[in-house]
Amino acid sequence: MAFRLSHLSLALSLMALALAGVAIYRNTYEAMNKGLQNLSPDFGLLESAASILTLNKNAERNSDKLSQQLTQEACVFSAVRGVVDSAIDAERRMGASLIRLHFHDCFVDGCDGGILLDDTASFQGEQTSPPNINSARGYEVIAQAKQTVKDTCANTSVSCADILAIAARDSVAKLGGQTYNVALGRSDARTANFTGASTQLPAPFDNLTVQIQKFSDKNFTIREMVALAGAHTVGFARCSTVCVSTNVNPAAQLQCNCSATLTDSNLQQLDTTPAVFDKVYYEDLNRNQGILFSDQVLTGNTTTAAIVTTYSNDSNIFFGDFAAAMIKMGNLPPSAGAQLEIRDVCSRVNPSSVASM
């Protein structure tokens with residue numbers, strides 16, 4: 001875009017020079033034929049040239065602003081990607097956790113960074129809700145990414161909700177999936193919704209009807225629902241979750257020893273290649289080896305089963321649909337009337353001394 005504006009600026013400059021030249025030529029020619037006393041400058045052409053020069057200056061200013069914006073955004077994207085890549089290099093599972101963290105943020109009252117707010121003595125946020133407690137993770141990676149942006153991208157303000165969206169996209173790409181565009185401009189809420197996290201998020205025990213309704217409430221189609229479920233092609237579930245009979249596909253072959261005392265370190269991979277973003281999740285569903293009850297029921301309906309088969313046969317179709325659905329999810333707006341800001345620290349709202357933006 002900036003490249004095009006620079007070419008437009010050059011063209012406008014040449015046009016202005018041409019008009020000025022025509023005006024001078026006319027004046028000179030008339031002076032020679034009528035005498036200098038009858039000289040009447042062609043103010044029309046000169047005014048046109050001046051107007052074009054003014055337009056050219058405006059175009060140059062717009063080009064400079066756009067170049068600055070693009071440079072700032074490039075700095076943000078680079079800073080976040082560096083932190084995310086390092087975190088996944090240190091622990092491959094973290095990529096799946098960051099994708100899930102973005103999903104759990106956006107699915108509850110829109111993409112507002114609400115999930116990142118810590119509980120306080122007078123405030124209960126989303127982190128301790130049943131779907132998130134001892135489960136959602138990656139908060140420290142988002143905090144580090146925010147600090148890195150502040151340290152390296154001078155005079156650039158970016159929300160924690162934006163950083164979540166970028167981190168999820170970069171995780172998908174790092175694990176082998178298709179990258180996609182993330183637009184900046186989200187804001188952070190000054191509150192969170194414990195009840196909403198408990199009721200709005202899909203649960204491992206949800207039947208297909210309940211899942212379709214929850215996604216429909218967020219304006220997602222059935223196909224988009226099945227595509228987003230494909231995030232389970234990476235990562236793990238806790239054994240303490242899958243060892244609850246209502247949460248698990250009874251035909252699944254589990255790694256968990258459900259008769260033992262379980263801790264949060266006991267994990268069950270969600271497909272047979274949990275470190276790679278691929279289509280194996282759908283292949284497992286077609287073999288009746290989906291781990292979670294909510295996953296396997298996708299094959300129990302002709303419409304959703306057909307989509308599962310399509311994705312299991314062609315990773316490119318799955319990758320494209322998943323990317324499109326993630327873009328749509330990343331644009332879910334905060335609740336109407338929500339108080340918004342750009343948080344200075346992702347885990348707490350800004351004090352009154354920090355201006356809301």
# chains A, B, ... in the order shown; residues from 1 in each chain; ligands from 1

$ select_by_dssp --residues "segment 36-280 of chain A" --states "strand (DSSP E)" --output "list of chain:residue names"
A:Asp188, A:Ala189, A:Phe236, A:Ala237, A:Arg238, A:Leu267, A:Gln268, A:Gln269

$ write_last_selection --atoms "N, CA and C atoms" --output "short mmCIF file (atom, residue, chain, number, x, y, z; two decimals), in the first residue's frame"
data_model
loop_
_atom_site.label_atom_id
_atom_site.label_comp_id
_atom_site.auth_asym_id
_atom_site.auth_seq_id
_atom_site.Cartn_x
_atom_site.Cartn_y
_atom_site.Cartn_z
N ASP A 188 -9.25 -4.46 25.69
CA ASP A 188 -9.34 -5.33 26.86
C ASP A 188 -10.47 -4.89 27.77
N ALA A 189 -11.22 -5.87 28.28
CA ALA A 189 -12.32 -5.56 29.20
C ALA A 189 -11.77 -5.29 30.60
N PHE A 236 -3.27 -32.07 24.74
CA PHE A 236 -3.61 -33.13 25.68
C PHE A 236 -4.81 -32.71 26.53
N ALA A 237 -5.47 -33.71 27.09
CA ALA A 237 -6.46 -33.50 28.13
C ALA A 237 -5.92 -34.11 29.42
N ARG A 238 -6.36 -33.59 30.54
CA ARG A 238 -5.94 -34.15 31.82
C ARG A 238 -6.65 -35.49 32.04
N LEU A 267 -1.57 -36.98 31.75
CA LEU A 267 -2.20 -36.43 30.55
C LEU A 267 -2.58 -37.52 29.56
N GLN A 268 -3.58 -37.18 28.75
CA GLN A 268 -4.04 -38.03 27.66
C GLN A 268 -3.96 -37.24 26.36
N GLN A 269 -3.20 -37.72 25.40
CA GLN A 269 -3.12 -37.01 24.11
C GLN A 269 -4.46 -37.09 23.40
#

$ residues_around --residues "Ala338 of chain A" --least-positions-apart "5" --cutoff "12 Å" --atoms "only C-alpha atoms" --output "MDAnalysis selection string"
chainID A and resid 109:112 114 187:193 333

$ write_last_selection --atoms "C-alpha atoms" --output "PDB file, in the first residue's frame"
ATOM      1  CA  ASP A 109     -18.233 -12.379  25.859  1.00  0.00           C
ATOM      2  CA  GLY A 110     -15.980 -11.877  22.842  1.00  0.00           C
ATOM      3  CA  CYS A 111     -12.235 -11.377  22.412  1.00  0.00           C
ATOM      4  CA  ASP A 112     -11.600  -9.028  25.331  1.00  0.00           C
ATOM      5  CA  GLY A 114     -11.081 -11.342  30.147  1.00  0.00           C
ATOM      6  CA  SER A 187      -9.579  -3.814  23.399  1.00  0.00           C
ATOM      7  CA  ASP A 188      -9.337  -5.331  26.864  1.00  0.00           C
ATOM      8  CA  ALA A 189     -12.316  -5.563  29.197  1.00  0.00           C
ATOM      9  CA  ARG A 190     -12.133  -4.205  32.713  1.00  0.00           C
ATOM     10  CA  THR A 191     -13.997  -7.241  34.005  1.00  0.00           C
ATOM     11  CA  ALA A 192     -14.469 -10.958  33.353  1.00  0.00           C
ATOM     12  CA  ASN A 193     -17.387 -13.393  33.464  1.00  0.00           C
ATOM     13  CA  PRO A 333     -16.756  -8.348  19.746  1.00  0.00           C
TER      14      PRO A 333
END

$ residues_around --residues "Val84 of chain A" --least-positions-apart "6" --cutoff "9 Å" --atoms "only C-alpha atoms" --output "count of residues only"
11

$ atom_distance --atom1 "atom CA of Phe107 of chain A" --atom2 "atom CA of Gly330 of chain A"
9.3 Å

$ closest_residue --among "A:Ile166, A:Asp295, A:Gly176, A:His232" --to "Leu208 of chain A" --atoms "only C-alpha atoms"
A:Asp295

$ residues_around --residues "Ala197 of chain A" --least-positions-apart "3" --cutoff "10 Å" --atoms "only C-alpha atoms" --output "ChimeraX atom specification"
/A:104-105,107-109,114-115,125-132,192-194,200-202

$ write_last_selection --atoms "all heavy atoms" --output "compact mmCIF listing (two decimals), in the first residue's frame"
# COMPACT_ATOMS: atom_id res chain seq x y z
N HIS A 104 -10.88 -19.85 24.57
CA HIS A 104 -11.62 -19.66 25.82
C HIS A 104 -11.82 -18.18 26.13
O HIS A 104 -12.78 -17.82 26.82
CB HIS A 104 -10.90 -20.35 26.96
CG HIS A 104 -11.17 -21.81 27.03
ND1 HIS A 104 -11.34 -22.50 28.22
CD2 HIS A 104 -11.32 -22.75 26.05
CE1 HIS A 104 -11.59 -23.78 27.96
NE2 HIS A 104 -11.56 -23.95 26.65
N ASP A 105 -10.95 -17.33 25.62
CA ASP A 105 -11.17 -15.88 25.79
C ASP A 105 -12.32 -15.41 24.90
O ASP A 105 -13.27 -14.80 25.38
CB ASP A 105 -9.89 -15.12 25.43
CG ASP A 105 -10.08 -13.61 25.54
OD1 ASP A 105 -10.63 -13.16 26.56
OD2 ASP A 105 -9.67 -12.89 24.61
N PHE A 107 -14.70 -16.99 23.26
CA PHE A 107 -16.00 -17.65 23.33
C PHE A 107 -16.84 -17.15 24.50
O PHE A 107 -18.04 -17.42 24.57
CB PHE A 107 -15.83 -19.17 23.42
CG PHE A 107 -16.77 -19.93 22.52
CD1 PHE A 107 -16.55 -20.00 21.15
CD2 PHE A 107 -17.88 -20.57 23.04
CE1 PHE A 107 -17.42 -20.69 20.33
CE2 PHE A 107 -18.76 -21.26 22.22
CZ PHE A 107 -18.53 -21.32 20.86
N VAL A 108 -16.21 -16.44 25.43
CA VAL A 108 -16.93 -15.88 26.57
C VAL A 108 -16.95 -14.36 26.43
O VAL A 108 -15.95 -13.70 26.64
CB VAL A 108 -16.26 -16.28 27.90
CG1 VAL A 108 -17.02 -15.70 29.09
CG2 VAL A 108 -16.17 -17.80 28.02
N ASP A 109 -18.05 -13.83 25.98
CA ASP A 109 -18.23 -12.38 25.86
C ASP A 109 -17.27 -11.72 24.87
O ASP A 109 -16.92 -10.54 25.02
CB ASP A 109 -18.11 -11.70 27.23
CG ASP A 109 -19.18 -12.15 28.20
OD1 ASP A 109 -20.20 -12.68 27.74
OD2 ASP A 109 -19.00 -11.98 29.43
N GLY A 114 -10.52 -11.12 28.82
CA GLY A 114 -11.08 -11.34 30.15
C GLY A 114 -10.48 -12.52 30.87
O GLY A 114 -10.32 -12.50 32.10
N ILE A 115 -10.11 -13.55 30.13
CA ILE A 115 -9.56 -14.76 30.76
C ILE A 115 -8.22 -14.51 31.44
O ILE A 115 -7.80 -15.26 32.30
CB ILE A 115 -9.43 -15.90 29.72
CG1 ILE A 115 -9.23 -17.24 30.43
CG2 ILE A 115 -8.31 -15.61 28.73
CD1 ILE A 115 -9.28 -18.43 29.49
N GLY A 125 -12.66 -13.89 38.53
CA GLY A 125 -12.62 -13.88 37.08
C GLY A 125 -12.92 -15.24 36.48
O GLY A 125 -13.55 -16.10 37.10
N GLU A 126 -12.42 -15.45 35.28
CA GLU A 126 -12.72 -16.67 34.53
C GLU A 126 -11.72 -17.79 34.77
O GLU A 126 -11.99 -18.95 34.48
CB GLU A 126 -12.78 -16.33 33.03
CG GLU A 126 -13.89 -15.35 32.68
CD GLU A 126 -13.78 -14.80 31.26
OE1 GLU A 126 -13.06 -15.41 30.44
OE2 GLU A 126 -14.40 -13.76 30.98
N GLN A 127 -10.56 -17.46 35.31
CA GLN A 127 -9.50 -18.47 35.45
C GLN A 127 -9.88 -19.60 36.40
O GLN A 127 -9.42 -20.73 36.23
CB GLN A 127 -8.21 -17.81 35.92
CG GLN A 127 -7.61 -16.84 34.91
CD GLN A 127 -6.31 -16.24 35.40
OE1 GLN A 127 -5.70 -16.71 36.36
NE2 GLN A 127 -5.87 -15.16 34.74
N THR A 128 -10.71 -19.31 37.37
CA THR A 128 -11.08 -20.33 38.35
C THR A 128 -12.44 -20.96 38.05
O THR A 128 -12.97 -21.71 38.87
CB THR A 128 -11.11 -19.72 39.77
OG1 THR A 128 -11.94 -18.55 39.77
CG2 THR A 128 -9.71 -19.35 40.22
N SER A 129 -13.00 -20.69 36.88
CA SER A 129 -14.24 -21.34 36.46
C SER A 129 -13.95 -22.81 36.15
O SER A 129 -12.81 -23.17 35.83
CB SER A 129 -14.83 -20.65 35.24
OG SER A 129 -13.98 -20.81 34.12
N PRO A 130 -14.95 -23.70 36.23
CA PRO A 130 -14.70 -25.13 36.01
C PRO A 130 -13.97 -25.48 34.71
O PRO A 130 -13.08 -26.34 34.73
CB PRO A 130 -16.12 -25.72 36.05
CG PRO A 130 -16.86 -24.82 36.97
CD PRO A 130 -16.32 -23.43 36.70
N PRO A 131 -14.26 -24.83 33.57
CA PRO A 131 -13.53 -25.21 32.35
C PRO A 131 -12.05 -24.80 32.36
O PRO A 131 -11.27 -25.34 31.58
CB PRO A 131 -14.28 -24.47 31.24
CG PRO A 131 -15.60 -24.10 31.82
CD PRO A 131 -15.33 -23.86 33.27
N ASN A 132 -11.70 -23.83 33.23
CA ASN A 132 -10.36 -23.25 33.17
C ASN A 132 -9.45 -23.61 34.33
O ASN A 132 -8.22 -23.67 34.18
CB ASN A 132 -10.45 -21.72 33.08
CG ASN A 132 -11.07 -21.25 31.78
OD1 ASN A 132 -10.90 -21.86 30.73
ND2 ASN A 132 -11.82 -20.16 31.85
N ALA A 192 -14.41 -9.62 33.95
CA ALA A 192 -14.47 -10.96 33.35
C ALA A 192 -15.79 -11.59 33.77
O ALA A 192 -16.56 -11.02 34.55
CB ALA A 192 -13.28 -11.80 33.80
N ASN A 193 -16.07 -12.79 33.26
CA ASN A 193 -17.39 -13.39 33.46
C ASN A 193 -17.22 -14.85 33.91
O ASN A 193 -17.13 -15.75 33.08
CB ASN A 193 -18.20 -13.30 32.17
CG ASN A 193 -19.63 -13.72 32.34
OD1 ASN A 193 -20.02 -14.32 33.35
ND2 ASN A 193 -20.46 -13.42 31.35
N PHE A 194 -17.19 -15.06 35.23
CA PHE A 194 -17.05 -16.40 35.77
C PHE A 194 -18.21 -17.29 35.34
O PHE A 194 -18.01 -18.42 34.88
CB PHE A 194 -16.98 -16.33 37.30
CG PHE A 194 -16.94 -17.67 37.98
CD1 PHE A 194 -15.72 -18.27 38.27
CD2 PHE A 194 -18.10 -18.33 38.35
CE1 PHE A 194 -15.66 -19.51 38.91
CE2 PHE A 194 -18.06 -19.57 38.97
CZ PHE A 194 -16.84 -20.16 39.25
N GLN A 200 -20.96 -20.83 28.75
CA GLN A 200 -20.86 -20.56 27.32
C GLN A 200 -19.88 -21.47 26.60
O GLN A 200 -20.05 -21.77 25.41
CB GLN A 200 -20.46 -19.09 27.08
CG GLN A 200 -21.48 -18.08 27.56
CD GLN A 200 -21.01 -16.64 27.38
OE1 GLN A 200 -20.27 -16.33 26.45
NE2 GLN A 200 -21.42 -15.76 28.29
N LEU A 201 -18.84 -21.90 27.30
CA LEU A 201 -17.81 -22.73 26.65
C LEU A 201 -18.33 -24.14 26.39
O LEU A 201 -19.04 -24.71 27.23
CB LEU A 201 -16.56 -22.79 27.52
CG LEU A 201 -15.71 -21.52 27.58
CD1 LEU A 201 -14.71 -21.63 28.71
CD2 LEU A 201 -15.00 -21.30 26.25
N PRO A 202 -17.97 -24.73 25.25
CA PRO A 202 -18.30 -26.15 25.02
C PRO A 202 -17.63 -27.02 26.08
O PRO A 202 -16.50 -26.75 26.52
CB PRO A 202 -17.72 -26.42 23.63
CG PRO A 202 -17.58 -25.08 22.99
CD PRO A 202 -17.28 -24.12 24.10

$ residues_around --residues "Phe205 of chain A" --least-positions-apart "5" --cutoff "7 Å" --atoms "only C-alpha atoms" --output "PyMOL selection string"
chain A and resi 246-247+293-294

$ closest_residue --among "A:Thr120, A:Thr241, A:Val80, A:Leu285" --to "Ile133 of chain A" --atoms "only C-alpha atoms"
A:Thr241

$ residues_around --residues "Thr303 of chain A" --least-positions-apart "4" --cutoff "9 Å" --atoms "only C-alpha atoms" --output "mmCIF file with all heavy atoms, in the first residue's frame"
data_model
loop_
_atom_site.group_PDB
_atom_site.id
_atom_site.type_symbol
_atom_site.label_atom_id
_atom_site.label_comp_id
_atom_site.auth_asym_id
_atom_site.auth_seq_id
_atom_site.Cartn_x
_atom_site.Cartn_y
_atom_site.Cartn_z
ATOM 1 N N ILE A 222 -22.438 -24.938 11.396
ATOM 2 C CA ILE A 222 -22.054 -26.290 11.798
ATOM 3 C C ILE A 222 -20.679 -26.643 11.230
ATOM 4 O O ILE A 222 -19.842 -27.243 11.916
ATOM 5 C CB ILE A 222 -23.119 -27.313 11.350
ATOM 6 C CG1 ILE A 222 -24.406 -27.124 12.165
ATOM 7 C CG2 ILE A 222 -22.608 -28.742 11.492
ATOM 8 C CD1 ILE A 222 -25.548 -28.022 11.732
ATOM 9 N N ARG A 223 -20.424 -26.254 9.997
ATOM 10 C CA ARG A 223 -19.122 -26.551 9.397
ATOM 11 C C ARG A 223 -17.999 -25.844 10.154
ATOM 12 O O ARG A 223 -16.937 -26.428 10.396
ATOM 13 C CB ARG A 223 -19.110 -26.148 7.920
ATOM 14 C CG ARG A 223 -17.848 -26.583 7.171
ATOM 15 C CD ARG A 223 -17.879 -26.153 5.710
ATOM 16 N NE ARG A 223 -16.726 -26.629 4.981
ATOM 17 C CZ ARG A 223 -16.687 -27.758 4.269
ATOM 18 N NH1 ARG A 223 -17.763 -28.539 4.210
ATOM 19 N NH2 ARG A 223 -15.598 -28.123 3.633
ATOM 20 N N LEU A 298 -19.373 -36.062 16.914
ATOM 21 C CA LEU A 298 -19.394 -35.393 15.607
ATOM 22 C C LEU A 298 -19.637 -36.382 14.477
ATOM 23 O O LEU A 298 -20.049 -35.990 13.380
ATOM 24 C CB LEU A 298 -18.076 -34.643 15.368
ATOM 25 C CG LEU A 298 -17.759 -33.474 16.310
ATOM 26 C CD1 LEU A 298 -16.397 -32.886 15.982
ATOM 27 C CD2 LEU A 298 -18.839 -32.398 16.237
ATOM 28 N N THR A 299 -19.387 -37.655 14.721
ATOM 29 C CA THR A 299 -19.629 -38.662 13.678
ATOM 30 C C THR A 299 -21.023 -39.271 13.785
ATOM 31 O O THR A 299 -21.385 -40.138 12.991
ATOM 32 C CB THR A 299 -18.589 -39.799 13.770
ATOM 33 O OG1 THR A 299 -18.719 -40.455 15.043
ATOM 34 C CG2 THR A 299 -17.179 -39.264 13.597
ATOM 35 N N ILE A 307 -18.656 -33.811 7.147
ATOM 36 C CA ILE A 307 -17.595 -32.808 7.255
ATOM 37 C C ILE A 307 -16.334 -33.441 7.840
ATOM 38 O O ILE A 307 -15.214 -33.180 7.378
ATOM 39 C CB ILE A 307 -18.066 -31.620 8.116
ATOM 40 C CG1 ILE A 307 -19.309 -30.975 7.508
ATOM 41 C CG2 ILE A 307 -16.953 -30.580 8.246
ATOM 42 C CD1 ILE A 307 -20.002 -29.971 8.421
ATOM 43 N N VAL A 308 -16.503 -34.287 8.840
ATOM 44 C CA VAL A 308 -15.364 -35.015 9.424
ATOM 45 C C VAL A 308 -14.645 -35.810 8.338
ATOM 46 O O VAL A 308 -13.408 -35.796 8.240
ATOM 47 C CB VAL A 308 -15.833 -35.942 10.557
ATOM 48 C CG1 VAL A 308 -14.718 -36.915 10.959
ATOM 49 C CG2 VAL A 308 -16.283 -35.137 11.767
#
